[in-house]
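Asker: Sending over final.cif (mmCIF, C-alpha atoms).
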```
data_final
loop_
_atom_site.label_atom_id
_atom_site.label_comp_id
_atom_site.auth_asym_id
_atom_site.auth_seq_id
_atom_site.Cartn_x
_atom_site.Cartn_y
_atom_site.Cartn_z
CA MET A 1 -11.80 -26.10 -105.41
CA THR A 2 -10.61 -27.59 -102.14
CA PRO A 3 -7.92 -26.15 -99.80
CA ALA A 4 -5.43 -28.95 -100.61
CA PHE A 5 -6.02 -28.37 -104.30
CA GLU A 6 -5.34 -24.67 -103.90
CA ARG A 7 -2.16 -25.27 -101.91
CA LEU A 8 -0.94 -27.58 -104.67
CA GLN A 9 -1.83 -25.02 -107.33
CA GLN A 10 0.03 -22.36 -105.34
CA GLN A 11 3.16 -24.53 -105.21
CA LEU A 12 2.99 -25.32 -108.92
CA LYS A 13 2.51 -21.65 -109.82
CA GLN A 14 5.92 -20.87 -108.34
CA LEU A 15 7.71 -23.07 -110.86
CA PRO A 16 9.38 -21.23 -113.74
CA GLY A 17 7.16 -20.78 -116.79
CA LEU A 18 3.92 -21.70 -115.01
CA GLY A 19 1.16 -19.19 -114.32
CA TYR A 20 -2.17 -19.47 -112.53
CA ARG A 21 -3.95 -21.21 -115.40
CA SER A 22 -1.22 -23.68 -116.30
CA ALA A 23 -0.81 -24.59 -112.60
CA GLU A 24 -4.56 -25.21 -112.39
CA ARG A 25 -4.45 -27.35 -115.52
CA ILE A 26 -1.58 -29.46 -114.16
CA ALA A 27 -3.22 -29.85 -110.74
CA LEU A 28 -6.47 -30.99 -112.39
CA HIS A 29 -4.52 -33.39 -114.59
CA LEU A 30 -2.80 -34.90 -111.58
CA LEU A 31 -5.91 -35.15 -109.39
CA VAL A 32 -8.70 -35.83 -111.88
CA GLY A 33 -7.24 -36.64 -115.29
CA LYS A 34 -4.51 -39.14 -114.48
CA PRO A 35 -4.32 -39.63 -110.71
CA GLY A 36 -2.27 -42.76 -111.45
CA ASP A 37 0.64 -40.54 -112.52
CA LEU A 38 0.86 -38.79 -109.17
CA PRO A 39 2.79 -41.40 -107.14
CA ALA A 40 5.40 -41.68 -109.93
CA LEU A 41 5.88 -37.90 -109.93
CA ILE A 42 6.16 -37.72 -106.15
CA ASN A 43 8.60 -40.60 -106.26
CA ALA A 44 10.76 -38.95 -108.94
CA LEU A 45 10.84 -35.69 -106.96
CA GLU A 46 11.78 -37.43 -103.74
CA GLU A 47 14.43 -39.55 -105.38
CA ALA A 48 15.95 -36.54 -107.12
CA ALA A 49 15.86 -34.50 -103.89
CA ARG A 50 17.60 -37.37 -102.09
CA SER A 51 20.23 -38.35 -104.63
CA VAL A 52 21.07 -35.30 -106.74
CA ARG A 53 23.75 -33.05 -105.24
CA ARG A 54 26.57 -30.80 -106.46
CA CYS A 55 29.73 -32.32 -107.91
CA THR A 56 32.48 -31.67 -105.35
CA ARG A 57 34.90 -30.75 -108.12
CA CYS A 58 32.91 -28.59 -110.56
CA GLY A 59 29.51 -27.80 -109.03
CA ASN A 60 27.49 -29.59 -111.74
CA LEU A 61 24.64 -31.94 -110.79
CA ALA A 62 25.97 -35.28 -109.55
CA GLU A 63 24.71 -38.40 -107.81
CA GLY A 64 28.06 -39.44 -106.35
CA ASP A 65 31.02 -37.23 -105.38
CA LEU A 66 31.84 -36.43 -109.00
CA CYS A 67 29.48 -35.61 -111.87
CA ALA A 68 29.40 -37.74 -115.02
CA LEU A 69 31.65 -35.27 -116.85
CA CYS A 70 34.34 -34.99 -114.18
CA ALA A 71 34.35 -38.79 -113.85
CA ASP A 72 34.61 -39.32 -117.63
CA GLU A 73 38.16 -40.36 -118.63
CA ARG A 74 37.52 -39.41 -122.25
CA ARG A 75 36.93 -35.72 -121.44
CA ASP A 76 39.99 -33.49 -121.44
CA GLN A 77 40.34 -32.70 -117.74
CA SER A 78 42.97 -30.03 -118.44
CA ILE A 79 40.54 -27.65 -120.15
CA VAL A 80 37.96 -26.10 -117.84
CA CYS A 81 35.01 -24.08 -119.13
CA VAL A 82 33.62 -21.72 -116.48
CA VAL A 83 29.84 -21.22 -116.72
CA GLU A 84 27.33 -19.33 -114.61
CA ASN A 85 24.70 -22.02 -114.19
CA VAL A 86 23.88 -25.65 -114.93
CA PRO A 87 21.55 -24.71 -117.84
CA ASP A 88 24.52 -22.97 -119.51
CA LEU A 89 26.47 -26.22 -119.19
CA VAL A 90 23.53 -28.13 -120.63
CA ALA A 91 23.37 -25.73 -123.60
CA LEU A 92 27.09 -26.11 -124.30
CA GLU A 93 26.85 -29.91 -124.03
CA ARG A 94 23.92 -29.88 -126.41
CA SER A 95 26.04 -28.03 -128.97
CA GLY A 96 28.46 -30.98 -128.96
CA ALA A 97 31.29 -28.52 -129.59
CA TYR A 98 33.23 -29.07 -126.37
CA ARG A 99 35.21 -32.03 -125.02
CA GLY A 100 36.75 -30.52 -121.89
CA VAL A 101 35.19 -30.24 -118.42
CA TYR A 102 33.31 -27.46 -116.65
CA HIS A 103 33.18 -25.34 -113.55
CA VAL A 104 29.75 -24.06 -112.51
CA LEU A 105 29.78 -20.82 -110.49
CA HIS A 106 26.03 -20.90 -109.71
CA GLY A 107 25.71 -17.20 -110.49
CA LYS A 108 27.78 -14.17 -111.37
CA LEU A 109 29.19 -11.33 -109.28
CA SER A 110 26.69 -8.52 -108.84
CA PRO A 111 27.20 -5.78 -106.24
CA ILE A 112 23.73 -4.44 -107.09
CA GLN A 113 22.00 -7.75 -106.37
CA GLY A 114 24.33 -8.40 -103.46
CA VAL A 115 26.18 -11.36 -104.98
CA ALA A 116 29.70 -11.39 -103.53
CA PRO A 117 32.56 -13.80 -104.36
CA GLY A 118 31.72 -15.84 -101.26
CA ASP A 119 28.23 -16.56 -102.66
CA LEU A 120 29.64 -18.25 -105.75
CA ASN A 121 31.51 -21.49 -106.31
CA LEU A 122 34.72 -19.50 -106.82
CA ALA A 123 36.99 -20.81 -104.04
CA ALA A 124 36.77 -24.32 -105.51
CA LEU A 125 37.76 -22.93 -108.93
CA LEU A 126 40.84 -21.22 -107.52
CA THR A 127 41.84 -24.37 -105.60
CA ARG A 128 41.35 -26.40 -108.75
CA THR A 129 43.45 -24.11 -110.93
CA GLY A 130 46.15 -24.07 -108.26
CA ALA A 131 46.59 -27.86 -108.39
CA GLY A 132 48.58 -27.63 -111.63
CA GLU A 133 46.36 -29.86 -113.77
CA VAL A 134 44.49 -27.14 -115.65
CA ARG A 135 46.04 -25.88 -118.90
CA GLU A 136 43.27 -23.65 -120.18
CA LEU A 137 40.38 -21.82 -118.57
CA ILE A 138 37.57 -20.82 -120.95
CA LEU A 139 35.39 -18.12 -119.44
CA ALA A 140 31.91 -18.72 -120.89
CA LEU A 141 30.22 -16.00 -118.87
CA SER A 142 27.60 -13.50 -120.01
CA ASN A 143 28.33 -10.62 -122.31
CA ASP A 144 27.24 -8.05 -119.66
CA VAL A 145 28.66 -6.00 -116.78
CA GLU A 146 28.31 -8.79 -114.21
CA GLY A 147 29.91 -11.32 -116.55
CA GLU A 148 32.75 -8.87 -117.12
CA ALA A 149 33.23 -8.33 -113.37
CA THR A 150 33.26 -12.07 -112.73
CA CYS A 151 35.85 -12.67 -115.44
CA HIS A 152 37.96 -9.88 -113.97
CA TYR A 153 37.73 -11.34 -110.47
CA ILE A 154 38.81 -14.77 -111.69
CA THR A 155 41.83 -13.53 -113.63
CA GLU A 156 42.88 -11.34 -110.69
CA HIS A 157 42.77 -14.25 -108.27
CA LEU A 158 44.33 -17.01 -110.35
CA PRO A 159 47.39 -18.55 -108.66
CA ALA A 160 50.50 -16.61 -109.60
CA GLY A 161 52.89 -18.30 -112.02
CA GLY A 162 50.36 -21.02 -112.76
CA ASP A 163 50.93 -20.67 -116.50
CA ILE A 164 47.25 -21.17 -117.33
CA LYS A 165 45.93 -19.89 -120.65
CA VAL A 166 42.73 -17.91 -120.02
CA THR A 167 40.28 -17.30 -122.88
CA ARG A 168 36.80 -15.89 -123.09
CA ILE A 169 34.18 -17.20 -125.55
CA GLY A 170 33.57 -15.06 -128.62
CA PHE A 171 30.90 -12.39 -128.85
CA GLY A 172 29.14 -11.17 -131.97
CA LEU A 173 26.32 -11.99 -134.33
CA PRO A 174 24.43 -15.16 -133.45
CA SER A 175 24.29 -17.86 -136.10
CA GLY A 176 21.71 -16.95 -138.74
CA GLY A 177 21.52 -13.38 -137.49
CA GLY A 178 22.21 -10.37 -139.70
CA VAL A 179 23.50 -6.91 -138.79
CA LEU A 180 20.04 -5.44 -139.37
CA TYR A 181 18.48 -7.46 -136.54
CA ALA A 182 21.27 -7.18 -133.97
CA ASP A 183 21.01 -4.70 -131.09
CA SER A 184 23.69 -2.05 -130.78
CA VAL A 185 25.50 -3.68 -127.84
CA THR A 186 25.84 -6.90 -129.82
CA LEU A 187 27.14 -4.91 -132.79
CA LYS A 188 29.70 -3.21 -130.56
CA SER A 189 30.83 -6.65 -129.27
CA ALA A 190 30.99 -7.93 -132.84
CA LEU A 191 33.10 -4.98 -133.99
CA ASP A 192 35.43 -5.35 -131.00
CA ALA A 193 35.75 -9.07 -131.75
CA ARG A 194 36.58 -8.59 -135.45
CA ARG A 195 39.25 -10.87 -136.83
CA GLU A 196 41.54 -10.66 -139.83
CA TYR A 197 39.94 -12.24 -142.86
CA LEU A 198 42.13 -13.42 -145.78
CA MET B 1 22.63 -34.91 -116.24
CA THR B 2 22.17 -37.67 -113.69
CA PRO B 3 19.72 -40.62 -113.94
CA ALA B 4 17.49 -39.30 -111.12
CA PHE B 5 17.41 -35.92 -112.83
CA GLU B 6 16.36 -37.53 -116.09
CA ARG B 7 13.63 -39.59 -114.44
CA LEU B 8 12.27 -36.40 -112.84
CA GLN B 9 12.42 -34.56 -116.16
CA GLN B 10 10.60 -37.49 -117.81
CA GLN B 11 7.81 -37.31 -115.21
CA LEU B 12 7.47 -33.54 -115.55
CA LYS B 13 7.37 -33.77 -119.34
CA GLN B 14 4.15 -35.80 -119.12
CA LEU B 15 2.27 -32.94 -117.46
CA PRO B 16 -0.04 -30.98 -119.74
CA GLY B 17 1.58 -27.98 -121.39
CA LEU B 18 5.14 -29.01 -120.55
CA GLY B 19 7.66 -30.11 -123.16
CA TYR B 20 11.24 -31.32 -122.94
CA ARG B 21 12.73 -27.87 -122.41
CA SER B 22 10.21 -26.58 -119.87
CA ALA B 23 10.51 -29.85 -117.90
CA GLU B 24 14.29 -29.41 -117.87
CA ARG B 25 13.93 -25.80 -116.72
CA ILE B 26 11.61 -26.79 -113.86
CA ALA B 27 13.81 -29.72 -112.79
CA LEU B 28 16.86 -27.43 -112.72
CA HIS B 29 14.89 -24.82 -110.77
CA LEU B 30 13.88 -27.43 -108.18
CA LEU B 31 17.30 -29.05 -107.84
CA VAL B 32 19.71 -26.15 -108.38
CA GLY B 33 17.83 -22.86 -108.33
CA LYS B 34 15.60 -23.18 -105.30
CA PRO B 35 16.06 -26.62 -103.73
CA GLY B 36 14.30 -25.22 -100.65
CA ASP B 37 11.00 -25.23 -102.59
CA LEU B 38 11.15 -28.96 -103.25
CA PRO B 39 9.89 -30.31 -99.88
CA ALA B 40 6.90 -27.91 -100.00
CA LEU B 41 5.99 -29.11 -103.50
CA ILE B 42 6.31 -32.79 -102.53
CA ASN B 43 4.24 -32.08 -99.45
CA ALA B 44 1.50 -30.31 -101.43
CA LEU B 45 1.36 -33.19 -103.93
CA GLU B 46 1.18 -35.82 -101.20
CA GLU B 47 -1.44 -33.93 -99.25
CA ALA B 48 -3.57 -33.41 -102.35
CA ALA B 49 -3.19 -37.07 -103.34
CA ARG B 50 -4.25 -38.11 -99.85
CA SER B 51 -7.12 -35.72 -99.21
CA VAL B 52 -8.66 -34.76 -102.56
CA ARG B 53 -11.32 -37.19 -103.80
CA ARG B 54 -14.54 -37.08 -105.81
CA CYS B 55 -17.70 -35.63 -104.29
CA THR B 56 -20.04 -38.57 -103.72
CA ARG B 57 -22.98 -36.54 -105.01
CA CYS B 58 -21.70 -34.68 -108.05
CA GLY B 59 -18.19 -35.95 -108.90
CA ASN B 60 -16.46 -32.59 -108.34
CA LEU B 61 -13.22 -32.39 -106.31
CA ALA B 62 -13.92 -32.71 -102.59
CA GLU B 63 -12.04 -33.22 -99.34
CA GLY B 64 -14.95 -34.70 -97.39
CA ASP B 65 -17.94 -36.64 -98.73
CA LEU B 66 -19.45 -33.57 -100.39
CA CYS B 67 -17.71 -30.85 -102.37
CA ALA B 68 -17.89 -27.21 -101.29
CA LEU B 69 -20.68 -26.51 -103.80
CA CYS B 70 -22.94 -29.44 -102.83
CA ALA B 71 -22.42 -28.56 -99.15
CA ASP B 72 -23.24 -24.88 -99.70
CA GLU B 73 -26.76 -24.05 -98.45
CA ARG B 74 -26.85 -20.84 -100.51
CA ARG B 75 -26.55 -22.69 -103.83
CA ASP B 76 -29.81 -23.72 -105.45
CA GLN B 77 -29.64 -27.51 -105.07
CA SER B 78 -32.65 -28.00 -107.36
CA ILE B 79 -30.84 -26.84 -110.51
CA VAL B 80 -28.10 -29.18 -111.71
CA CYS B 81 -25.69 -28.24 -114.46
CA VAL B 82 -24.15 -31.30 -116.15
CA VAL B 83 -20.56 -30.78 -117.32
CA GLU B 84 -17.98 -33.06 -118.87
CA ASN B 85 -15.02 -32.30 -116.64
CA VAL B 86 -13.90 -30.39 -113.57
CA PRO B 87 -12.20 -27.65 -115.67
CA ASP B 88 -15.60 -26.97 -117.31
CA LEU B 89 -17.08 -26.49 -113.85
CA VAL B 90 -14.21 -24.18 -112.94
CA ALA B 91 -14.80 -22.11 -116.08
CA LEU B 92 -18.54 -21.78 -115.33
CA GLU B 93 -17.81 -20.82 -111.69
CA ARG B 94 -15.33 -18.23 -112.90
CA SER B 95 -18.05 -16.63 -115.03
CA GLY B 96 -20.06 -16.02 -111.86
CA ALA B 97 -23.21 -16.55 -113.93
CA TYR B 98 -24.54 -19.63 -112.15
CA ARG B 99 -25.90 -20.23 -108.64
CA GLY B 100 -27.06 -23.84 -108.90
CA VAL B 101 -25.01 -27.01 -108.43
CA TYR B 102 -23.20 -29.32 -110.84
CA HIS B 103 -22.82 -32.89 -111.95
CA VAL B 104 -19.45 -33.85 -113.41
CA LEU B 105 -19.53 -36.77 -115.88
CA HIS B 106 -15.71 -37.04 -116.20
CA GLY B 107 -15.98 -37.42 -119.97
CA LYS B 108 -18.51 -37.79 -122.74
CA LEU B 109 -19.87 -40.81 -124.58
CA SER B 110 -17.69 -41.79 -127.53
CA PRO B 111 -18.07 -45.16 -129.25
CA ILE B 112 -14.96 -44.36 -131.33
CA GLN B 113 -12.76 -43.82 -128.27
CA GLY B 114 -14.49 -46.65 -126.43
CA VAL B 115 -16.20 -44.49 -123.80
CA ALA B 116 -19.43 -46.27 -122.77
CA PRO B 117 -22.09 -45.09 -120.27
CA GLY B 118 -20.50 -47.28 -117.57
CA ASP B 119 -17.24 -45.31 -117.88
CA LEU B 120 -18.92 -42.04 -116.97
CA ASN B 121 -20.45 -40.70 -113.76
CA LEU B 122 -23.93 -41.23 -115.26
CA ALA B 123 -25.54 -43.72 -112.86
CA ALA B 124 -25.15 -41.21 -110.01
CA LEU B 125 -26.83 -38.54 -112.15
CA LEU B 126 -29.83 -40.78 -112.85
CA THR B 127 -30.12 -41.73 -109.16
CA ARG B 128 -29.92 -38.07 -108.24
CA THR B 129 -32.58 -36.97 -110.69
CA GLY B 130 -34.82 -39.85 -109.52
CA ALA B 131 -34.81 -38.60 -105.92
CA GLY B 132 -37.31 -35.84 -106.75
CA GLU B 133 -35.25 -32.86 -105.63
CA VAL B 134 -34.03 -31.70 -109.03
CA ARG B 135 -36.23 -29.23 -110.90
CA GLU B 136 -33.99 -28.37 -113.83
CA LEU B 137 -31.11 -30.11 -115.57
CA ILE B 138 -28.88 -27.85 -117.65
CA LEU B 139 -26.80 -29.85 -120.13
CA ALA B 140 -23.57 -27.87 -120.54
CA LEU B 141 -21.90 -30.42 -122.79
CA SER B 142 -19.80 -29.83 -125.90
CA ASN B 143 -21.22 -28.65 -129.18
CA ASP B 144 -20.05 -31.80 -131.01
CA VAL B 145 -21.19 -35.33 -131.88
CA GLU B 146 -20.11 -36.85 -128.55
CA GLY B 147 -21.76 -34.04 -126.59
CA GLU B 148 -24.92 -34.59 -128.59
CA ALA B 149 -24.85 -38.36 -127.94
CA THR B 150 -24.34 -37.81 -124.22
CA CYS B 151 -27.26 -35.36 -124.03
CA HIS B 152 -29.39 -37.87 -125.89
CA TYR B 153 -28.44 -40.71 -123.54
CA ILE B 154 -29.28 -38.61 -120.47
CA THR B 155 -32.71 -37.51 -121.72
CA GLU B 156 -33.52 -41.09 -122.76
CA HIS B 157 -32.66 -42.48 -119.33
CA LEU B 158 -34.22 -39.83 -117.07
CA PRO B 159 -36.74 -41.31 -114.64
CA ALA B 160 -40.20 -41.42 -116.25
CA GLY B 161 -42.74 -38.90 -114.94
CA GLY B 162 -40.01 -37.07 -113.04
CA ASP B 163 -41.23 -33.71 -114.34
CA ILE B 164 -37.73 -32.32 -114.70
CA LYS B 165 -37.12 -29.42 -117.09
CA VAL B 166 -34.12 -30.23 -119.29
CA THR B 167 -32.26 -27.44 -121.10
CA ARG B 168 -29.04 -27.28 -123.05
CA ILE B 169 -26.72 -24.24 -122.96
CA GLY B 170 -26.87 -21.93 -125.98
CA PHE B 171 -24.60 -22.24 -128.99
CA GLY B 172 -23.52 -19.46 -131.31
CA LEU B 173 -21.03 -16.65 -131.65
CA PRO B 174 -18.67 -16.25 -128.71
CA SER B 175 -18.63 -12.89 -126.95
CA GLY B 176 -16.61 -10.41 -128.96
CA GLY B 177 -16.66 -12.68 -132.02
CA GLY B 178 -18.01 -11.62 -135.39
CA VAL B 179 -19.51 -13.71 -138.17
CA LEU B 180 -16.38 -13.21 -140.26
CA TYR B 181 -14.20 -15.04 -137.78
CA ALA B 182 -16.55 -17.89 -136.86
CA ASP B 183 -16.12 -21.33 -138.42
CA SER B 184 -18.99 -22.76 -140.42
CA VAL B 185 -20.13 -25.25 -137.74
CA THR B 186 -20.42 -22.41 -135.22
CA LEU B 187 -22.37 -20.39 -137.76
CA LYS B 188 -24.73 -23.32 -138.31
CA SER B 189 -25.25 -23.59 -134.52
CA ALA B 190 -25.82 -19.85 -134.32
CA LEU B 191 -28.42 -19.92 -137.10
CA ASP B 192 -30.18 -22.91 -135.51
CA ALA B 193 -30.19 -21.07 -132.18
CA ARG B 194 -31.64 -17.82 -133.57
CA ARG B 195 -34.23 -16.11 -131.39
CA GLU B 196 -36.96 -13.58 -132.08
CA TYR B 197 -35.68 -10.03 -131.74
CA LEU B 198 -38.03 -7.12 -131.06
#
```
Give the structure from this file in structure tokens form.

Answerer:
Amino acid sequence: MTPAFERLQQQLKQLPGLGYRSAERIALHLLVGKPGDLPALINALEEAARSVRRCTRCGNLAEGDLCALCADERRDQSIVCVVENVPDLVALERSGAYRGVYHVLHGKLSPIQGVAPGDLNLAALLTRTGAGEVRELILALSNDVEGEATCHYITEHLPAGGDIKVTRIGFGLPSGGGVLYADSVTLKSALDARREYL
Amino acid sequence: MTPAFERLQQQLKQLPGLGYRSAERIALHLLVGKPGDLPALINALEEAARSVRRCTRCGNLAEGDLCALCADERRDQSIVCVVENVPDLVALERSGAYRGVYHVLHGKLSPIQGVAPGDLNLAALLTRTGAGEVRELILALSNDVEGEATCHYITEHLPAGGDIKVTRIGFGLPSGGGVLYADSVTLKSALDARREYL
């Protein structure tokens, strides 16, 4: 293979989910199989790099100042769901179960990995909750130590007397999952999250 | 998601081995996770598109007129292995079992899919074999009807009196494979390709 081919393969290999072989296959596809596709791909990458930025309000992907969700009048702007990353937001949107708006932290607090509050999109969240327009904050963060710490930080730093209801999404058995197949931490969460029935 | 994001995802989804979800994951990685990687990827794509072309002698990937293999004095330029595509060449090179050079057809004859001799890199092969420098032609084409037809076309059109030895790579059980696990067409090939033992 040629040096330019190998540099391309190297770049492709760094993308999530691609290894040496799949990067080689894609590079061969782009250079030998369908070289006509290459300008369109380069163009889409450049256009996305140029026009996609973070929503100034919530941190989601946006092309203007606000993302499509923050700009949507039909979404309930008084309910804010706090997520770690954009893929989490995408997953929640795909479920179709939510009609409020979001706040994307772009990570979670982790002293071990050196993620401090200043590294996350937290200041904007506190400003936003201080403006008096948020009624409920749904913390949709991970069921792990870092998620716990992040939830704790947020509740500690919410504006005093803001009268905002704070909830955290439920933990327990996933849909279709039985007790037999759940790990013990999930079972502990599920027991802790038990609700009265009848 | 934004329109530019969706156009990028659409482009990525057309790459081999990538589906809707993996394209989304890569697009999010490039735009949110590590946006610093994006210029390097665009650069590698543009550079490869600009500098990688077909070797004028054999059809392999090249950055100058000749590919690295055709330009390599240590390779036996009198033995030419004919392959369908560049990945086939890569696989043979990876085996380390071959020290000659190649000729890449970029496909195989297929009346059903409308692939005629003029669509393949065949004229260059016939010119090359007519120049008197090729001693042996190894046909490393598929063990199927189209591979058979392509082999037949090549032997029919070789320059008369050229005194070139033509061989075809062996067919049979793959390494590590037993009779039990081979399909019946492979077993037929293996029986046809039986050799005297002891």

Asker: From the list A:Leu66, A:Leu18, A:Val82, A:Leu12, which residue is nearest Ile42 of chain B when using all atoms listed in the file?

Answerer: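 Nearest candidate to Ile42 of chain B out of A:Leu66, A:Leu18, A:Val82, A:Leu12: A:Leu12.
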
Asker: Identify all chain B residues at most 7 Å from chain A by counting all atoms listed in the file; ligands do not count. Present them as a JSON list (two decimals) with C-alpha atoms, keeping the file's coordinate frame.

Answerer:
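The new file selection20.json reads:
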```json
[["chain", "number", "residue", "atom", "x", "y", "z"],
["B", 1, "MET", "CA", 22.63, -34.91, -116.24],
["B", 2, "THR", "CA", 22.17, -37.67, -113.69],
["B", 4, "ALA", "CA", 17.49, -39.30, -111.12],
["B", 5, "PHE", "CA", 17.41, -35.92, -112.83],
["B", 7, "ARG", "CA", 13.63, -39.59, -114.44],
["B", 8, "LEU", "CA", 12.27, -36.40, -112.84],
["B", 11, "GLN", "CA", 7.81, -37.31, -115.21],
["B", 15, "LEU", "CA", 2.27, -32.94, -117.46],
["B", 16, "PRO", "CA", -0.04, -30.98, -119.74],
["B", 26, "ILE", "CA", 11.61, -26.79, -113.86],
["B", 31, "LEU", "CA", 17.30, -29.05, -107.84],
["B", 41, "LEU", "CA", 5.99, -29.11, -103.50],
["B", 42, "ILE", "CA", 6.31, -32.79, -102.53],
["B", 44, "ALA", "CA", 1.50, -30.31, -101.43],
["B", 45, "LEU", "CA", 1.36, -33.19, -103.93],
["B", 47, "GLU", "CA", -1.44, -33.93, -99.25],
["B", 48, "ALA", "CA", -3.57, -33.41, -102.35],
["B", 49, "ALA", "CA", -3.19, -37.07, -103.34],
["B", 52, "VAL", "CA", -8.66, -34.76, -102.56],
["B", 61, "LEU", "CA", -13.22, -32.39, -106.31],
["B", 62, "ALA", "CA", -13.92, -32.71, -102.59],
["B", 63, "GLU", "CA", -12.04, -33.22, -99.34]]
```

Asker: Just give me the gap between atom CA of Arg194 of chain A and atom CA of His152 of chain A in Å, one decimal is fine.

Answerer: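 Distance reported for this atom pair: 21.6 Å.
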
Asker: What is the distance between atom CA of Glu73 of chain A and atom CA of Cys151 of chain A, in Å to one decimal?

Answerer: 28.0 Å

Asker: Which distance in Å separates atom CA of Ser175 of chain B and atom CA of Glu196 of chain B, to one decimal?

Answerer: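 Rounded to one decimal, the two atoms are 19.0 Å apart.
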
Asker: Box in all listed atoms of segment 138-150 of chain A, axis-aligned, with 5 Å more on each side; write out centre and edge lengths in Å to one decimal as JSON.

Answerer:
```
{"center_x": 32.4, "center_y": -13.4, "center_z": -117.5, "size_x": 20.3, "size_y": 24.8, "size_z": 19.6}
```

Asker: Extract, using only C-alpha atoms, all DNA, RNA and protein residues at most 6 Å from Arg135 of chain A, discarding same-chain residues fewer than 4 positions from it, and format them as JSON, numbers by chain.

Answerer: {"A": [78, 79, 164]}

Asker: Have a look at B:Leu139, B:Val101, B:Cys58, B:Ala91 and name the one nearest to Thr127 of chain B; count all atoms listed in the file.

Answerer: B:Cys58

Asker: Using the chain letters and numbers from this file, what does the PyMOL selection byres ((chain A and resi 189) around 10) select? Give the answer as a ChimeraX atom specification.

Answerer: /A:143,170-173,184-188,190-194

Asker: Out of B:Leu126, B:Ala97, B:Ile112, B:Ala71, which residue has the shortest atom-to-atom distance to Glu156 of chain B when counting only C-alpha atoms?

Answerer: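 Between B:Leu126, B:Ala97, B:Ile112, B:Ala71, the residue approaching Glu156 of chain B most closely is B:Leu126.
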
Asker: Taking (-19.6, -41.0, -114.9) in the file's coordinates, which residues come within 9 Å, counting all atoms listed in the file, written as a VMD selection string?

Answerer: chain B and resid 59 104 to 108 117 to 125

Asker: Which residues are close to Arg75 of chain A, i.e. within 12 Å by all atoms listed in the file, leaving aside same-chain residues fewer than 5 positions away? Reply as a PyMOL selection string.

Answerer: chain A and resi 68-70+80+93+98-102

Asker: Neighbouring residues of Thr167 of chain A were defined as those with any atom within 7 Å, considering all atoms listed in the file; residues of the same chain fewer than 2 positions away were excluded. Please report them as a list in words.

Answerer: Leu137, Ile138, Leu139, Lys165 and Ile169 of chain A
